[in-house]
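Source file: coords.json. Holds: JSON, C-alpha atoms and all ligand atoms.
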```json
[["chain", "number", "residue", "atom", "x", "y", "z"],
["L", 1094, "MET", "CA", 175.89, 209.95, -160.40],
["L", 1095, "LYS", "CA", 173.46, 208.71, -157.80],
["L", 1096, "ASN", "CA", 170.87, 211.30, -156.84],
["L", 1097, "GLN", "CA", 170.99, 212.28, -153.19],
["L", 1098, "PRO", "CA", 167.55, 212.26, -151.56],
["L", 1099, "LEU", "CA", 166.33, 215.74, -150.73],
["L", 1100, "GLU", "CA", 166.16, 216.73, -147.14],
["L", 1101, "GLN", "CA", 162.75, 217.50, -145.73],
["L", 1102, "THR", "CA", 161.50, 218.93, -142.51],
["L", 1103, "TRP", "CA", 161.04, 216.26, -139.86],
["L", 1104, "SER", "CA", 159.15, 217.13, -136.71],
["L", 1105, "ALA", "CA", 158.28, 215.10, -133.65],
["L", 1106, "ARG", "CA", 157.74, 215.59, -129.96],
["L", 1107, "VAL", "CA", 160.81, 214.09, -128.33],
["L", 1108, "ASN", "CA", 160.87, 213.73, -124.55],
["L", 1109, "GLY", "CA", 158.19, 216.38, -124.30],
["L", 1110, "GLN", "CA", 159.81, 218.93, -126.60],
["L", 1111, "LEU", "CA", 158.83, 219.72, -130.15],
["L", 1112, "LYS", "CA", 161.80, 219.12, -132.46],
["L", 1113, "GLU", "CA", 162.07, 220.23, -136.08],
["L", 1114, "LEU", "CA", 165.01, 219.12, -138.19],
["L", 1115, "SER", "CA", 165.99, 218.93, -141.82],
["L", 1116, "VAL", "CA", 166.68, 215.28, -142.74],
["L", 1117, "SER", "CA", 166.32, 212.96, -145.71],
["L", 1118, "PRO", "CA", 163.21, 210.77, -145.39],
["L", 1119, "GLU", "CA", 165.20, 207.54, -145.09],
["L", 1120, "THR", "CA", 167.40, 208.72, -142.24],
["L", 1121, "ARG", "CA", 167.09, 206.22, -139.43],
["L", 1122, "LEU", "CA", 165.36, 207.43, -136.31],
["L", 1123, "VAL", "CA", 168.24, 206.13, -134.18],
["L", 1124, "ASP", "CA", 170.62, 208.41, -136.11],
["L", 1125, "ILE", "CA", 168.34, 211.39, -135.70],
["L", 1126, "LEU", "CA", 168.19, 210.77, -131.96],
["L", 1127, "ARG", "CA", 171.88, 210.14, -131.44],
["L", 1128, "ASN", "CA", 173.54, 212.36, -134.02],
["L", 1129, "GLN", "CA", 171.20, 215.30, -134.37],
["L", 1130, "LEU", "CA", 169.49, 215.45, -130.99],
["L", 1131, "ASN", "CA", 172.48, 214.15, -128.97],
["L", 1132, "LEU", "CA", 170.30, 211.59, -127.17],
["L", 1133, "THR", "CA", 173.04, 208.99, -126.98],
["L", 1134, "GLY", "CA", 171.36, 206.92, -124.26],
["L", 1135, "THR", "CA", 169.74, 205.07, -127.14],
["L", 1136, "LYS", "CA", 172.38, 202.57, -128.26],
["L", 1137, "ILE", "CA", 173.26, 200.96, -131.58],
["L", 1138, "SER", "CA", 174.40, 197.36, -131.82],
["L", 1139, "CYS", "CA", 173.01, 194.89, -134.36],
["L", 1140, "GLU", "CA", 171.32, 197.52, -136.57],
["L", 1141, "VAL", "CA", 168.89, 194.90, -137.89],
["L", 1142, "GLY", "CA", 166.20, 194.82, -135.23],
["L", 1143, "ARG", "CA", 167.41, 191.82, -133.24],
["L", 1144, "CYS", "CA", 169.02, 193.17, -130.06],
["L", 1145, "GLY", "CA", 166.80, 195.94, -128.68],
["L", 1146, "ALA", "CA", 169.72, 198.23, -127.78],
["L", 1147, "CYS", "CA", 168.03, 201.01, -129.75],
["L", 1148, "MET", "CA", 164.57, 200.56, -128.20],
["L", 1149, "ILE", "CA", 162.50, 203.72, -127.72],
["L", 1150, "LEU", "CA", 158.82, 204.43, -127.22],
["L", 1151, "MET", "CA", 157.05, 205.82, -130.25],
["L", 1152, "ASN", "CA", 153.50, 206.91, -129.53],
["L", 1153, "GLY", "CA", 153.73, 204.78, -126.42],
["L", 1154, "GLU", "CA", 154.82, 201.58, -128.15],
["L", 1155, "PRO", "CA", 158.32, 200.05, -127.96],
["L", 1156, "VAL", "CA", 160.10, 200.08, -131.31],
["L", 1157, "ASN", "CA", 163.60, 199.42, -132.52],
["L", 1158, "SER", "CA", 164.69, 202.85, -133.69],
["L", 1159, "CYS", "CA", 167.28, 201.33, -136.05],
["L", 1160, "LEU", "CA", 164.36, 200.06, -138.13],
["L", 1161, "VAL", "CA", 162.32, 203.26, -138.18],
["L", 1162, "MET", "CA", 162.95, 205.82, -140.90],
["L", 1163, "ALA", "CA", 162.39, 209.54, -140.58],
["L", 1164, "TYR", "CA", 159.30, 209.45, -142.77],
["L", 1165, "GLN", "CA", 157.76, 206.77, -140.51],
["L", 1166, "SER", "CA", 158.32, 208.77, -137.34],
["L", 1167, "GLU", "CA", 157.15, 212.12, -138.64],
["L", 1168, "GLU", "CA", 154.86, 213.89, -136.14],
["L", 1169, "SER", "CA", 155.17, 211.08, -133.61],
["L", 1170, "VAL", "CA", 155.62, 211.27, -129.86],
["L", 1171, "ILE", "CA", 158.96, 209.78, -128.90],
["L", 1172, "THR", "CA", 160.36, 208.87, -125.51],
["L", 1173, "THR", "CA", 163.97, 207.87, -125.09],
["L", 1174, "ILE", "CA", 165.72, 206.76, -121.91],
["L", 1175, "GLU", "CA", 166.52, 210.43, -121.25],
["L", 1176, "GLY", "CA", 162.78, 211.10, -121.08],
["L", 1177, "LEU", "CA", 162.12, 208.84, -118.09],
["L", 1178, "HIS", "CA", 162.30, 210.22, -114.59],
["L", 1179, "GLY", "CA", 160.86, 209.81, -111.12],
["L", 1180, "GLU", "CA", 158.22, 211.94, -109.48],
["L", 1181, "LYS", "CA", 160.41, 214.98, -110.11],
["L", 1182, "GLU", "CA", 162.57, 215.64, -113.13],
["L", 1183, "GLY", "CA", 166.16, 214.71, -112.36],
["L", 1184, "GLU", "CA", 165.13, 211.79, -110.15],
["L", 1185, "LEU", "CA", 165.56, 208.22, -111.35],
["L", 1186, "HIS", "CA", 162.52, 206.42, -112.62],
["L", 1187, "PRO", "CA", 161.39, 203.53, -110.35],
["L", 1188, "ILE", "CA", 162.42, 201.06, -113.05],
["L", 1189, "GLN", "CA", 165.92, 202.56, -113.11],
["L", 1190, "HIS", "CA", 166.10, 202.29, -109.31],
["L", 1191, "ALA", "CA", 165.05, 198.65, -109.50],
["L", 1192, "PHE", "CA", 167.74, 197.84, -112.09],
["L", 1193, "LEU", "CA", 170.36, 199.45, -109.85],
["L", 1194, "GLU", "CA", 169.22, 197.64, -106.73],
["L", 1195, "GLU", "CA", 168.83, 194.21, -108.32],
["L", 1196, "GLY", "CA", 171.99, 194.16, -110.40],
["L", 1197, "GLY", "CA", 170.03, 194.34, -113.64],
["L", 1198, "PHE", "CA", 173.11, 195.29, -115.63],
["L", 1199, "GLN", "CA", 176.84, 194.77, -115.90],
["L", 1200, "CYS", "CA", 178.38, 196.60, -118.86],
["L", 1201, "GLY", "CA", 175.13, 198.54, -119.19],
["L", 1202, "TYR", "CA", 175.01, 198.61, -122.98],
["L", 1203, "CYS", "CA", 171.64, 196.87, -123.18],
["L", 1204, "THR", "CA", 170.20, 198.69, -120.18],
["L", 1205, "PRO", "CA", 168.52, 201.73, -121.79],
["L", 1206, "GLY", "CA", 166.69, 199.43, -124.19],
["L", 1207, "MET", "CA", 165.81, 197.01, -121.40],
["L", 1208, "ILE", "CA", 164.38, 199.80, -119.29],
["L", 1209, "ILE", "CA", 162.34, 201.19, -122.17],
["L", 1210, "SER", "CA", 160.92, 197.73, -122.89],
["L", 1211, "THR", "CA", 160.18, 197.27, -119.19],
["L", 1212, "LYS", "CA", 158.32, 200.58, -119.16],
["L", 1213, "ALA", "CA", 156.22, 199.45, -122.10],
["L", 1214, "LEU", "CA", 155.59, 196.07, -120.47],
["L", 1215, "LEU", "CA", 154.48, 197.52, -117.13],
["L", 1216, "ASP", "CA", 152.30, 200.13, -118.83],
["L", 1217, "ALA", "CA", 150.46, 197.33, -120.61],
["L", 1218, "CYS", "CA", 150.69, 194.72, -117.86],
["L", 1219, "PRO", "CA", 151.36, 196.19, -114.39],
["L", 1220, "ASN", "CA", 151.73, 192.83, -112.64],
["L", 1221, "PRO", "CA", 153.39, 190.55, -115.17],
["L", 1222, "SER", "CA", 154.05, 186.85, -114.67],
["L", 1223, "LEU", "CA", 157.51, 185.44, -115.38],
["L", 1224, "GLU", "CA", 156.28, 184.32, -118.77],
["L", 1225, "GLN", "CA", 154.93, 187.79, -119.53],
["L", 1226, "ILE", "CA", 158.24, 189.38, -118.48],
["L", 1227, "GLU", "CA", 160.15, 187.00, -120.74],
["L", 1228, "THR", "CA", 157.80, 187.76, -123.60],
["L", 1229, "GLY", "CA", 157.90, 191.51, -122.95],
["L", 1230, "LEU", "CA", 161.70, 191.55, -123.02],
["L", 1231, "CYS", "CA", 162.23, 188.94, -125.73],
["L", 1232, "GLY", "CA", 163.39, 191.60, -128.19],
["L", 1233, "ASN", "CA", 166.17, 192.76, -125.87],
["L", 1234, "LEU", "CA", 169.44, 190.85, -125.69],
["L", 1235, "CYS", "CA", 171.93, 191.02, -122.81],
["L", 1236, "ARG", "CA", 175.38, 189.50, -123.24],
["L", 1237, "CYS", "CA", 176.42, 189.92, -119.61],
["L", 1238, "THR", "CA", 173.90, 189.28, -116.88],
["L", 1239, "GLY", "CA", 172.25, 185.95, -117.62],
["L", 1240, "TYR", "CA", 168.95, 187.84, -117.19],
["L", 1241, "GLY", "CA", 168.46, 186.89, -113.50],
["L", 1242, "GLY", "CA", 169.03, 190.42, -112.23],
["L", 1243, "ILE", "CA", 166.91, 191.85, -115.01],
["L", 1244, "ILE", "CA", 163.95, 189.62, -114.12],
["L", 1245, "ARG", "CA", 164.30, 190.57, -110.44],
["L", 1246, "ALA", "CA", 164.45, 194.25, -111.40],
["L", 1247, "VAL", "CA", 161.27, 194.03, -113.45],
["L", 1248, "ASN", "CA", 159.49, 192.26, -110.59],
["L", 1249, "LYS", "CA", 160.66, 194.88, -108.10],
["L", 1250, "ALA", "CA", 159.64, 197.74, -110.38],
["L", 1251, "SER", "CA", 156.26, 196.10, -110.85],
["L", 1252, "GLU", "CA", 155.72, 195.82, -107.08],
["L", 1253, "ARG", "CA", 156.70, 199.43, -106.48],
["L", 1254, "CYS", "CA", 154.53, 200.75, -109.25],
["L", 1255, "ALA", "CA", 151.60, 198.67, -107.97],
["L", 1256, "VAL", "CA", 151.98, 200.24, -104.51],
["L", 1257, "LYS", "CA", 152.08, 203.72, -105.98],
["L", 1258, "GLY", "CA", 149.41, 203.06, -108.58],
["L", 1259, "THR", "CA", 151.64, 204.32, -111.34],
["L", 1260, "VAL", "CA", 154.39, 203.11, -113.62],
["L", 1261, "GLY", "CA", 156.52, 206.16, -112.92],
["L", 1262, "THR", "CA", 156.70, 209.17, -115.12],
["L", 1263, "VAL", "CA", 157.42, 209.93, -118.69],
["L", 1264, "VAL", "CA", 157.89, 213.56, -119.57],
["L", 1265, "LYS", "CA", 154.51, 215.10, -120.15],
["L", 1266, "GLU", "CA", 153.14, 214.26, -123.54],
["L", 1267, "ASN", "CA", 149.99, 213.26, -125.22],
["L", 1268, "VAL", "CA", 150.50, 209.68, -126.34],
["L", 1269, "ASN", "CA", 148.25, 208.08, -128.89],
["L", 1270, "ARG", "CA", 149.05, 204.35, -128.89],
["L", 1271, "SER", "CA", 146.90, 203.60, -131.91],
["L", 1272, "ALA", "CA", 149.00, 205.80, -134.17],
["L", 1273, "VAL", "CA", 151.93, 203.40, -134.59],
["L", 1274, "ASN", "CA", 150.56, 200.23, -136.04],
["L", 1275, "PHE", "CA", 152.90, 200.57, -138.99],
["L", 1276, "VAL", "CA", 155.98, 199.69, -136.94],
["L", 1277, "GLN", "CA", 156.64, 196.37, -135.26],
["L", 1278, "THR", "CA", 159.48, 195.32, -132.99],
["L", 1279, "ASP", "CA", 161.38, 192.17, -133.77],
["L", 1280, "GLY", "CA", 160.70, 189.58, -131.10],
["L", 1281, "ALA", "CA", 163.65, 187.36, -131.98],
["L", 1282, "GLU", "CA", 164.99, 185.27, -129.12],
["L", 1283, "THR", "CA", 168.47, 184.65, -130.38],
["K", 1301, "LIG", "S1", 170.55, 198.13, -132.91],
["K", 1301, "LIG", "FE1", 168.44, 198.22, -133.27],
["K", 1301, "LIG", "S2", 167.72, 196.27, -132.70],
["K", 1301, "LIG", "FE2", 169.87, 196.11, -132.48],
["K", 1302, "LIG", "S1", 174.65, 194.40, -119.21],
["K", 1302, "LIG", "FE1", 176.10, 194.09, -120.81],
["K", 1302, "LIG", "S2", 174.84, 193.57, -122.50],
["K", 1302, "LIG", "FE2", 173.46, 193.66, -120.84]]
```

Since I need it in another form, could you write the structure as structure tokens?
Ligand code: FES
Ligand code: FES
Amino acid sequence: MKNQPLEQTWSARVNGQLKELSVSPETRLVDILRNQLNLTGTKISCEVGRCGACMILMNGEPVNSCLVMAYQSEESVITTIEGLHGEKEGELHPIQHAFLEEGGFQCGYCTPGMIISTKALLDACPNPSLEQIETGLCGNLCRCTGYGGIIRAVNKASERCAVKGTVGTVVKENVNRSAVNFVQTDGAET
């Protein structure tokens, strides 16, 4: 009989709150988020790191949570789409507003991942060129929009954030970007 891996304590700061769970080390982060923390804004599609539906920020970097195991995300700082908001909690983040206004989605399945990748892009590059937007979102696939509305939304979010001098708000947390160099997103352009 195959041995079942033992569960261990997993802890991380998720959307500003410390979470402690009992999981096996190879549980996927996306399953922890969706099934154990009920953060179902993070979507599952390809499950092999090619679509970006499951994109989250881990220690400030965008990662495909279907490729991250519990042991790799232990003691990390995680932001999901539920962790973004405007100046006040409960308000939409400027990027979310821009996607609404510019028709940056149709079915909406890719949208949480798109918005998370946009947040990461604008944090790193507040005034991106078209090429930089395409590169920043190259790990996120959309089957519906043709990307025109998404590009407009990123540009509008960039302009608004430049006026305000901020890229909106993530729930308060202490992000250490250098702590996640063991995880890479897949930049496939299929
Ligand atoms: S479900 Fe994770 S990249 Fe597609
Ligand atoms: S809006 Fe449907 S997949 Fe992007």

Within 9 Å of ligand LIG 1301 (chain K), which residues show up when you count only C-alpha atoms and all ligand atoms? List them as a compact mmCIF listing (two decimals) with C-alpha atoms, keeping the file's coordinate frame, please.
```txt
# COMPACT_ATOMS: atom_id res chain seq x y z
CA VAL L 1123 168.24 206.13 -134.18
CA LYS L 1136 172.38 202.57 -128.26
CA ILE L 1137 173.26 200.96 -131.58
CA SER L 1138 174.40 197.36 -131.82
CA CYS L 1139 173.01 194.89 -134.36
CA GLU L 1140 171.32 197.52 -136.57
CA VAL L 1141 168.89 194.90 -137.89
CA GLY L 1142 166.20 194.82 -135.23
CA ARG L 1143 167.41 191.82 -133.24
CA CYS L 1144 169.02 193.17 -130.06
CA GLY L 1145 166.80 195.94 -128.68
CA ALA L 1146 169.72 198.23 -127.78
CA CYS L 1147 168.03 201.01 -129.75
CA MET L 1148 164.57 200.56 -128.20
CA VAL L 1156 160.10 200.08 -131.31
CA ASN L 1157 163.60 199.42 -132.52
CA SER L 1158 164.69 202.85 -133.69
CA CYS L 1159 167.28 201.33 -136.05
CA LEU L 1160 164.36 200.06 -138.13
CA GLY L 1232 163.39 191.60 -128.19
CA ASN L 1233 166.17 192.76 -125.87
CA LEU L 1234 169.44 190.85 -125.69
CA THR L 1278 159.48 195.32 -132.99
CA ASP L 1279 161.38 192.17 -133.77
```

Restrict the calculation to all atoms listed in the file, then for each residue of chain L with any atom at most 10 Å from an atom of ligand LIG 1302 (chain K) give the closest atom pair and their distance in Å to one decimal, rows by chain and rising residue number, as a tab-separated table.
```
residue	atom	partner	partner_atom	distance
L:Cys1144	CA	K:LIG1302	S2	9.5
L:Ala1146	CA	K:LIG1302	S2	8.7
L:Gly1196	CA	K:LIG1302	S1	9.2
L:Gly1197	CA	K:LIG1302	S1	7.2
L:Phe1198	CA	K:LIG1302	S1	4.0
L:Gln1199	CA	K:LIG1302	S1	4.0
L:Cys1200	CA	K:LIG1302	FE1	3.9
L:Gly1201	CA	K:LIG1302	S1	4.2
L:Tyr1202	CA	K:LIG1302	S2	5.1
L:Cys1203	CA	K:LIG1302	FE2	4.4
L:Thr1204	CA	K:LIG1302	FE2	6.0
L:Pro1205	CA	K:LIG1302	FE2	9.5
L:Gly1206	CA	K:LIG1302	FE2	9.5
L:Met1207	CA	K:LIG1302	FE2	8.4
L:Asn1233	CA	K:LIG1302	FE2	8.9
L:Leu1234	CA	K:LIG1302	S2	6.8
L:Cys1235	CA	K:LIG1302	FE2	3.6
L:Arg1236	CA	K:LIG1302	S2	4.2
L:Cys1237	CA	K:LIG1302	FE1	4.4
L:Thr1238	CA	K:LIG1302	S1	5.7
L:Gly1239	CA	K:LIG1302	FE2	8.4
L:Tyr1240	CA	K:LIG1302	FE2	8.2
L:Gly1242	CA	K:LIG1302	S1	9.8
L:Ile1243	CA	K:LIG1302	FE2	9.0
```

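Using all atoms listed in the file, the smallest distance between any of L:Gly1134, L:Pro1118, L:Gly1229, L:Gly1109 and Pro1155 (chain L) comes from L:Gly1229.
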
Practice task
Extract, using all atoms listed in the file, all DNA, RNA and protein residues at most 12 Å from Ser1251 (chain L), discarding same-chain residues fewer than 3 positions from it, and format them as a PyMOL selection string.
Solution key: chain L and resi 1187-1192+1211-1223+1226+1244-1248+1254-1261

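Residues in contact with Ala1105 (chain L) at 10 Å, where all atoms listed in the file are counted and same-chain residues fewer than 4 positions away are skipped, are listed as Gly1109, Gln1110, Leu1111, Lys1112, Glu1113, Leu1114, Met1151, Ala1163, Ser1166, Glu1167, Glu1168, Ser1169, Val1170 and Ile1171 of chain L.
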
Exercise for the section: Give me, please, the distance in Å between CA of Pro1098 (chain L) and CA of Asn1131 (chain L), quoted to one decimal. Expected result: 23.2 Å
